[in-house]
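Colleague: After the structure tokens below, expect a handful of questions from me.
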Amino acid sequence: MTRRRPTAVALIPARSGSKRVPNKNVRLLAGYPLLVYAIAGARQSGVFKSVVVSTDSKAYASVARQYGAEVPFLRPTRMSGDLSPDIEWVEHALRSLKRLGREFDAFSILRPTSPFRLPETIRRAWAAFLDEPGIDSLRAVQRCREHPGKMWVIRGRRIIPLLALGPAYPPWHSTPYQALPEVYSQNASLEIAWTRVVFDGRTIAGEAVMPFVSQGLEGFDLNYPHDWKVAEELIRAGEAKLPSIT
């Protein structure tokens, strides 16, 4: 008997209240609004049954629909603030879709701020997710450039190591980077999870999380004006590839 292939929905968050780069989700990069690259990558990957944009803005919704995404509802303002946790808008999106009679086995969060995430990136992550038994989710990570073993916390007029897990001698903060244990930080490239982790545990990750190690510029994240300048230069120099826009 042929097993049913799990269904997945791409969820693209695009709130309108960005402070560091105003309106960054619709700011033009190489001639197109930023969120369009997430839509294009998701659609061209062939992984998703639906590509849905979660936004609180009618203007953003119009842009998303123009480039082939669905916006069947707007995100409530209370879930669109700087400090709003992801679980709120993800749960809102999945429950709203469920009320419309649309249920999915899995979901993927594809943030617009990673424009160099390509369709093949998504396909590679989806294949890895399906091949790994016993997991709740997959999350993109990359080896950290600034090791937490060399980070400090300021307490009044003193600093103390952030991590106290290392050896007493030599301490991590006085150890060459190459000799430190490999540590990975998450990036905004992508996340995939079974929808049950939201409905059963009210979390977007669950407890058993597998790594998806980003390659090249897949995890490049646009959050500051400087990041934008770097991205534009990478594109101009032909060193970075964007999903094609139709």
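Residues are referred to by chain and number: the chain letter is A, B, ... according to the order shown in the structure tokens, the number counts from 1 in that chain, and ligands are numbered separately from 1 in the order shown.
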If you take only C-alpha atoms and a cut-off of 12 Å, which residues of segment 160-199 of chain A touch segment 30-47 of chain A, and what are their nearest atom pairs and distances in Å to one decimal, in chain and number order, as JSON lines?
Modeller:
```
{"residue": "A:Ala188", "atom": "CA", "partner": "A:Ala38", "partner_atom": "CA", "distance": 11.6}
{"residue": "A:Ser189", "atom": "CA", "partner": "A:Ala38", "partner_atom": "CA", "distance": 9.8}
{"residue": "A:Leu190", "atom": "CA", "partner": "A:Ala38", "partner_atom": "CA", "distance": 10.2}
{"residue": "A:Ile192", "atom": "CA", "partner": "A:Val47", "partner_atom": "CA", "distance": 11.4}
```
Colleague: Next, dump the selected residues to file, keeping only C-alpha atoms, as a short mmCIF file (atom, residue, chain, number, x, y, z; two decimals), in the first residue's frame.
Modeller:
```cif
data_model
loop_
_atom_site.label_atom_id
_atom_site.label_comp_id
_atom_site.auth_asym_id
_atom_site.auth_seq_id
_atom_site.Cartn_x
_atom_site.Cartn_y
_atom_site.Cartn_z
CA ALA A 188 15.88 32.94 10.02
CA SER A 189 16.13 30.79 6.91
CA LEU A 190 13.47 28.19 7.66
CA ILE A 192 9.55 22.98 9.57
#
```
Colleague: Which polymer residues have any atom within 12 Å of an atom of segment 118-133 of chain A, counting only C-alpha atoms, with same-chain residues fewer than 2 positions away left out, as a PDB file with N, CA and C atoms, in the first residue's frame?
Modeller:
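File produced: around-v2.pdb:
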```pdb
ATOM      1  N   ARG A   5       1.482  10.962   1.151  1.00  0.00           N
ATOM      2  CA  ARG A   5       2.541  11.939   1.370  1.00  0.00           C
ATOM      3  C   ARG A   5       2.020  13.051   2.285  1.00  0.00           C
ATOM      4  N   PRO A   6       2.755  13.388   3.336  1.00  0.00           N
ATOM      5  CA  PRO A   6       2.283  14.450   4.241  1.00  0.00           C
ATOM      6  C   PRO A   6       2.084  15.770   3.506  1.00  0.00           C
ATOM      7  N   THR A   7       1.069  16.492   3.915  1.00  0.00           N
ATOM      8  CA  THR A   7       0.808  17.801   3.315  1.00  0.00           C
ATOM      9  C   THR A   7       1.443  18.895   4.168  1.00  0.00           C
ATOM     10  N   ALA A   8       1.846  19.971   3.522  1.00  0.00           N
ATOM     11  CA  ALA A   8       2.513  21.062   4.238  1.00  0.00           C
ATOM     12  C   ALA A   8       2.032  22.412   3.719  1.00  0.00           C
ATOM     13  N   VAL A   9       2.022  23.381   4.604  1.00  0.00           N
ATOM     14  CA  VAL A   9       1.689  24.753   4.246  1.00  0.00           C
ATOM     15  C   VAL A   9       2.875  25.647   4.577  1.00  0.00           C
ATOM     16  N   ALA A  10       3.198  26.550   3.682  1.00  0.00           N
ATOM     17  CA  ALA A  10       4.239  27.542   3.946  1.00  0.00           C
ATOM     18  C   ALA A  10       3.590  28.750   4.600  1.00  0.00           C
ATOM     19  N   TYR A  37      10.358  37.217  -2.575  1.00  0.00           N
ATOM     20  CA  TYR A  37      11.336  36.142  -2.745  1.00  0.00           C
ATOM     21  C   TYR A  37      10.963  34.920  -1.900  1.00  0.00           C
ATOM     22  N   ALA A  38      10.392  35.150  -0.725  1.00  0.00           N
ATOM     23  CA  ALA A  38       9.925  34.024   0.093  1.00  0.00           C
ATOM     24  C   ALA A  38       8.765  33.315  -0.600  1.00  0.00           C
ATOM     25  N   ILE A  39       7.856  34.106  -1.179  1.00  0.00           N
ATOM     26  CA  ILE A  39       6.728  33.525  -1.891  1.00  0.00           C
ATOM     27  C   ILE A  39       7.211  32.709  -3.087  1.00  0.00           C
ATOM     28  N   ALA A  40       8.108  33.290  -3.870  1.00  0.00           N
ATOM     29  CA  ALA A  40       8.607  32.613  -5.068  1.00  0.00           C
ATOM     30  C   ALA A  40       9.338  31.327  -4.708  1.00  0.00           C
ATOM     31  N   GLY A  41      10.193  31.387  -3.692  1.00  0.00           N
ATOM     32  CA  GLY A  41      10.924  30.190  -3.289  1.00  0.00           C
ATOM     33  C   GLY A  41      10.005  29.089  -2.827  1.00  0.00           C
ATOM     34  N   ALA A  42       8.979  29.454  -2.052  1.00  0.00           N
ATOM     35  CA  ALA A  42       8.030  28.460  -1.547  1.00  0.00           C
ATOM     36  C   ALA A  42       7.242  27.819  -2.690  1.00  0.00           C
ATOM     37  N   ARG A  43       6.753  28.642  -3.609  1.00  0.00           N
ATOM     38  CA  ARG A  43       5.956  28.115  -4.717  1.00  0.00           C
ATOM     39  C   ARG A  43       6.789  27.241  -5.644  1.00  0.00           C
ATOM     40  N   GLN A  44       8.003  27.667  -5.939  1.00  0.00           N
ATOM     41  CA  GLN A  44       8.838  26.929  -6.889  1.00  0.00           C
ATOM     42  C   GLN A  44       9.434  25.657  -6.286  1.00  0.00           C
ATOM     43  N   SER A  45       9.419  25.547  -4.962  1.00  0.00           N
ATOM     44  CA  SER A  45       9.976  24.348  -4.332  1.00  0.00           C
ATOM     45  C   SER A  45       9.140  23.111  -4.623  1.00  0.00           C
ATOM     46  N   GLY A  46       7.837  23.299  -4.833  1.00  0.00           N
ATOM     47  CA  GLY A  46       6.954  22.167  -5.056  1.00  0.00           C
ATOM     48  C   GLY A  46       6.616  21.393  -3.799  1.00  0.00           C
ATOM     49  N   VAL A  47       7.006  21.905  -2.636  1.00  0.00           N
ATOM     50  CA  VAL A  47       6.800  21.203  -1.373  1.00  0.00           C
ATOM     51  C   VAL A  47       5.407  21.445  -0.802  1.00  0.00           C
ATOM     52  N   PHE A  48       4.856  22.641  -1.025  1.00  0.00           N
ATOM     53  CA  PHE A  48       3.697  23.065  -0.255  1.00  0.00           C
ATOM     54  C   PHE A  48       2.383  22.980  -1.033  1.00  0.00           C
ATOM     55  N   ASP A 105      -0.571  18.501   7.563  1.00  0.00           N
ATOM     56  CA  ASP A 105       0.213  17.677   8.474  1.00  0.00           C
ATOM     57  C   ASP A 105       1.395  18.453   9.051  1.00  0.00           C
ATOM     58  N   ALA A 106       1.940  19.366   8.256  1.00  0.00           N
ATOM     59  CA  ALA A 106       3.146  20.099   8.673  1.00  0.00           C
ATOM     60  C   ALA A 106       3.072  21.533   8.188  1.00  0.00           C
ATOM     61  N   PHE A 107       3.903  22.372   8.790  1.00  0.00           N
ATOM     62  CA  PHE A 107       4.001  23.763   8.344  1.00  0.00           C
ATOM     63  C   PHE A 107       5.470  24.162   8.318  1.00  0.00           C
ATOM     64  N   SER A 108       5.767  25.154   7.510  1.00  0.00           N
ATOM     65  CA  SER A 108       7.121  25.704   7.463  1.00  0.00           C
ATOM     66  C   SER A 108       7.046  27.215   7.592  1.00  0.00           C
ATOM     67  N   ILE A 109       7.899  27.779   8.425  1.00  0.00           N
ATOM     68  CA  ILE A 109       8.001  29.231   8.558  1.00  0.00           C
ATOM     69  C   ILE A 109       9.136  29.696   7.650  1.00  0.00           C
ATOM     70  N   LEU A 110       8.800  30.531   6.696  1.00  0.00           N
ATOM     71  CA  LEU A 110       9.772  31.068   5.749  1.00  0.00           C
ATOM     72  C   LEU A 110       9.776  32.586   5.895  1.00  0.00           C
ATOM     73  N   PRO A 112      10.681  36.420   5.330  1.00  0.00           N
ATOM     74  CA  PRO A 112      11.131  37.214   4.177  1.00  0.00           C
ATOM     75  C   PRO A 112      12.562  37.721   4.297  1.00  0.00           C
ATOM     76  N   SER A 114      15.245  36.313   4.737  1.00  0.00           N
ATOM     77  CA  SER A 114      16.274  35.428   4.176  1.00  0.00           C
ATOM     78  C   SER A 114      16.041  35.277   2.676  1.00  0.00           C
ATOM     79  N   PRO A 115      16.392  36.291   1.886  1.00  0.00           N
ATOM     80  CA  PRO A 115      16.053  36.268   0.457  1.00  0.00           C
ATOM     81  C   PRO A 115      16.876  35.287  -0.365  1.00  0.00           C
ATOM     82  N   PHE A 116      18.005  34.800   0.177  1.00  0.00           N
ATOM     83  CA  PHE A 116      18.859  33.882  -0.582  1.00  0.00           C
ATOM     84  C   PHE A 116      18.533  32.417  -0.299  1.00  0.00           C
ATOM     85  N   ILE A 135      10.997  13.019  15.254  1.00  0.00           N
ATOM     86  CA  ILE A 135      11.269  14.431  15.535  1.00  0.00           C
ATOM     87  C   ILE A 135       9.962  15.238  15.571  1.00  0.00           C
ATOM     88  N   ASP A 136      10.043  16.382  16.211  1.00  0.00           N
ATOM     89  CA  ASP A 136       8.929  17.331  16.210  1.00  0.00           C
ATOM     90  C   ASP A 136       9.131  18.405  15.156  1.00  0.00           C
ATOM     91  N   SER A 137      10.386  18.796  14.939  1.00  0.00           N
ATOM     92  CA  SER A 137      10.633  19.899  14.016  1.00  0.00           C
ATOM     93  C   SER A 137      12.067  19.888  13.509  1.00  0.00           C
ATOM     94  N   LEU A 138      12.291  20.731  12.534  1.00  0.00           N
ATOM     95  CA  LEU A 138      13.616  20.972  11.952  1.00  0.00           C
ATOM     96  C   LEU A 138      13.852  22.472  11.978  1.00  0.00           C
ATOM     97  N   ARG A 139      15.096  22.864  12.244  1.00  0.00           N
ATOM     98  CA  ARG A 139      15.396  24.294  12.304  1.00  0.00           C
ATOM     99  C   ARG A 139      16.748  24.568  11.649  1.00  0.00           C
ATOM    100  N   ALA A 140      16.816  25.625  10.847  1.00  0.00           N
ATOM    101  CA  ALA A 140      18.057  26.005  10.184  1.00  0.00           C
ATOM    102  C   ALA A 140      19.025  26.604  11.185  1.00  0.00           C
ATOM    103  N   VAL A 141      20.275  26.141  11.115  1.00  0.00           N
ATOM    104  CA  VAL A 141      21.323  26.636  12.001  1.00  0.00           C
ATOM    105  C   VAL A 141      22.598  26.836  11.191  1.00  0.00           C
ATOM    106  N   SER A 189      16.370  31.381   8.228  1.00  0.00           N
ATOM    107  CA  SER A 189      16.132  30.791   6.913  1.00  0.00           C
ATOM    108  C   SER A 189      14.847  29.985   6.842  1.00  0.00           C
ATOM    109  N   LEU A 190      14.715  28.976   7.698  1.00  0.00           N
ATOM    110  CA  LEU A 190      13.472  28.190   7.658  1.00  0.00           C
ATOM    111  C   LEU A 190      13.320  27.338   8.901  1.00  0.00           C
ATOM    112  N   GLU A 191      12.078  26.987   9.155  1.00  0.00           N
ATOM    113  CA  GLU A 191      11.703  26.033  10.188  1.00  0.00           C
ATOM    114  C   GLU A 191      10.599  25.160   9.622  1.00  0.00           C
ATOM    115  N   ILE A 192      10.616  23.901   9.964  1.00  0.00           N
ATOM    116  CA  ILE A 192       9.545  22.984   9.569  1.00  0.00           C
ATOM    117  C   ILE A 192       9.127  22.219  10.813  1.00  0.00           C
ATOM    118  N   ALA A 193       7.832  22.019  10.995  1.00  0.00           N
ATOM    119  CA  ALA A 193       7.353  21.275  12.152  1.00  0.00           C
ATOM    120  C   ALA A 193       6.031  20.593  11.815  1.00  0.00           C
ATOM    121  N   TRP A 194       5.734  19.542  12.542  1.00  0.00           N
ATOM    122  CA  TRP A 194       4.414  18.919  12.431  1.00  0.00           C
ATOM    123  C   TRP A 194       3.396  19.829  13.113  1.00  0.00           C
ATOM    124  N   ALA A 208      11.898  17.564  20.280  1.00  0.00           N
ATOM    125  CA  ALA A 208      12.893  16.864  19.459  1.00  0.00           C
ATOM    126  C   ALA A 208      13.111  17.657  18.177  1.00  0.00           C
ATOM    127  N   VAL A 209      14.167  18.453  18.158  1.00  0.00           N
ATOM    128  CA  VAL A 209      14.441  19.353  17.039  1.00  0.00           C
ATOM    129  C   VAL A 209      15.698  18.883  16.311  1.00  0.00           C
ATOM    130  N   MET A 210      15.606  18.707  14.998  1.00  0.00           N
ATOM    131  CA  MET A 210      16.780  18.296  14.230  1.00  0.00           C
ATOM    132  C   MET A 210      17.406  19.501  13.538  1.00  0.00           C
ATOM    133  N   PRO A 211      18.731  19.467  13.351  1.00  0.00           N
ATOM    134  CA  PRO A 211      19.396  20.604  12.706  1.00  0.00           C
ATOM    135  C   PRO A 211      19.330  20.515  11.192  1.00  0.00           C
ATOM    136  N   PHE A 212      19.244  21.675  10.568  1.00  0.00           N
ATOM    137  CA  PHE A 212      19.413  21.796   9.125  1.00  0.00           C
ATOM    138  C   PHE A 212      20.503  22.828   8.930  1.00  0.00           C
ATOM    139  N   VAL A 213      21.700  22.378   8.595  1.00  0.00           N
ATOM    140  CA  VAL A 213      22.855  23.274   8.523  1.00  0.00           C
ATOM    141  C   VAL A 213      22.817  24.036   7.205  1.00  0.00           C
ATOM    142  N   SER A 214      22.708  25.355   7.298  1.00  0.00           N
ATOM    143  CA  SER A 214      22.636  26.212   6.111  1.00  0.00           C
ATOM    144  C   SER A 214      23.945  26.177   5.344  1.00  0.00           C
ATOM    145  N   GLN A 215      23.828  26.300   4.050  1.00  0.00           N
ATOM    146  CA  GLN A 215      24.999  26.323   3.180  1.00  0.00           C
ATOM    147  C   GLN A 215      25.118  27.695   2.522  1.00  0.00           C
ATOM    148  N   GLY A 216      26.339  28.158   2.373  1.00  0.00           N
ATOM    149  CA  GLY A 216      26.562  29.420   1.685  1.00  0.00           C
ATOM    150  C   GLY A 216      25.786  30.560   2.315  1.00  0.00           C
ATOM    151  N   LEU A 217      25.001  31.246   1.483  1.00  0.00           N
ATOM    152  CA  LEU A 217      24.252  32.420   1.928  1.00  0.00           C
ATOM    153  C   LEU A 217      22.794  32.101   2.271  1.00  0.00           C
ATOM    154  N   GLU A 218      22.453  30.827   2.367  1.00  0.00           N
ATOM    155  CA  GLU A 218      21.060  30.459   2.657  1.00  0.00           C
ATOM    156  C   GLU A 218      20.542  31.092   3.938  1.00  0.00           C
ATOM    157  N   GLY A 219      21.420  31.258   4.919  1.00  0.00           N
ATOM    158  CA  GLY A 219      20.993  31.801   6.206  1.00  0.00           C
ATOM    159  C   GLY A 219      21.229  33.288   6.371  1.00  0.00           C
ATOM    160  N   PHE A 220      21.645  33.972   5.302  1.00  0.00           N
ATOM    161  CA  PHE A 220      21.893  35.419   5.386  1.00  0.00           C
ATOM    162  C   PHE A 220      20.588  36.124   5.775  1.00  0.00           C
ATOM    163  N   ALA A 240      25.549  36.250  -4.978  1.00  0.00           N
ATOM    164  CA  ALA A 240      24.354  35.719  -4.330  1.00  0.00           C
ATOM    165  C   ALA A 240      23.260  35.517  -5.361  1.00  0.00           C
ATOM    166  N   LYS A 241      22.469  34.468  -5.147  1.00  0.00           N
ATOM    167  CA  LYS A 241      21.397  34.129  -6.069  1.00  0.00           C
ATOM    168  C   LYS A 241      20.053  34.265  -5.365  1.00  0.00           C
ATOM    169  N   LEU A 242      19.105  34.861  -6.048  1.00  0.00           N
ATOM    170  CA  LEU A 242      17.749  35.023  -5.525  1.00  0.00           C
ATOM    171  C   LEU A 242      16.795  34.077  -6.244  1.00  0.00           C
ATOM    172  N   PRO A 243      15.698  33.694  -5.605  1.00  0.00           N
ATOM    173  CA  PRO A 243      14.671  32.944  -6.339  1.00  0.00           C
ATOM    174  C   PRO A 243      14.180  33.782  -7.529  1.00  0.00           C
ATOM    175  N   SER A 244      13.925  33.137  -8.639  1.00  0.00           N
ATOM    176  CA  SER A 244      13.453  33.868  -9.806  1.00  0.00           C
ATOM    177  C   SER A 244      12.016  34.316  -9.607  1.00  0.00           C
ATOM    178  N   ILE A 245      11.690  35.497 -10.113  1.00  0.00           N
ATOM    179  CA  ILE A 245      10.347  36.065  -9.962  1.00  0.00           C
ATOM    180  C   ILE A 245       9.642  36.031 -11.307  1.00  0.00           C
TER     181      ILE A 245
END
```
Colleague: Env of Ser54 of chain A: 6 Å cut, atoms = only C-alpha atoms, seq-sep filter 3 positions within chain, self excluded. Answer as a ChimeraX atom specification.
Modeller: /A:12-14,75
Colleague: Now that the selection is made, can you save its residues with C-alpha atoms as a PDB file, in the first residue's frame?
Modeller:
```pdb
ATOM      1  CA  ILE A  12       5.337  33.642   5.568  1.00  0.00           C
ATOM      2  CA  PRO A  13       5.241  36.261   8.376  1.00  0.00           C
ATOM      3  CA  ALA A  14       5.119  39.848   7.153  1.00  0.00           C
ATOM      4  CA  ARG A  75      -3.293  38.922  11.510  1.00  0.00           C
TER       5      ARG A  75
END
```
Colleague: Please indicate the distance in Å from atom CA of Gly149 of chain A to atom CA of Pro167 of chain A, rounded to one decimal place.
Modeller: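 Computing the Euclidean distance for atom CA of Gly149 of chain A and atom CA of Pro167 of chain A yields 10.7 Å.
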Colleague: If you measure from atom CA of Lys98 of chain A to atom CA of Met79 of chain A, what distance in Å do you get, rounded to one decimal?
Modeller: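 A separation of 18.6 Å between them.
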Colleague: For the structure I just gave you, how does DSSP split segment 22-225 of chain A - specifically, which residues are alpha helix (DSSP H)? Reply as an MDAnalysis selection string.
Modeller: chainID A and resid 34:45 58:66 86:99 119:131 196:201 225
Colleague: So what do you get for atom CA of His173 of chain A versus atom CA of Cys144 of chain A, distance-wise?
Modeller: 15.0 Å
Colleague: List every residue of segment 2-92 of chain A that has an atom at most 9 Å from any atom of segment 223-228 of chain A, and for each one report the closest atom pair and its distance in Å to one decimal, counting only C-alpha atoms, with rows sorted by chain and then by increasing residue number, as a Markdown table.
Modeller:
```
| residue | atom | partner | partner_atom | distance |
| --- | --- | --- | --- | --- |
| A:Arg20 | CA | A:Tyr224 | CA | 5.9 |
| A:Val21 | CA | A:Tyr224 | CA | 6.1 |
| A:Lys24 | CA | A:Asn223 | CA | 8.3 |
| A:Leu29 | CA | A:Trp228 | CA | 8.2 |
```
Colleague: Can you pull out the residues contacting Phe73 of chain A? Cut-off 9 Å, using only C-alpha atoms, and skip same-chain residues under 3 positions away; I want them as a list of chain:residue names.
Modeller: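 These residues fall inside the cut-off: A:Val53, A:Ser54, A:Thr55, A:Asp56, A:Glu70, A:Ala93, A:Ser96, A:Leu97.
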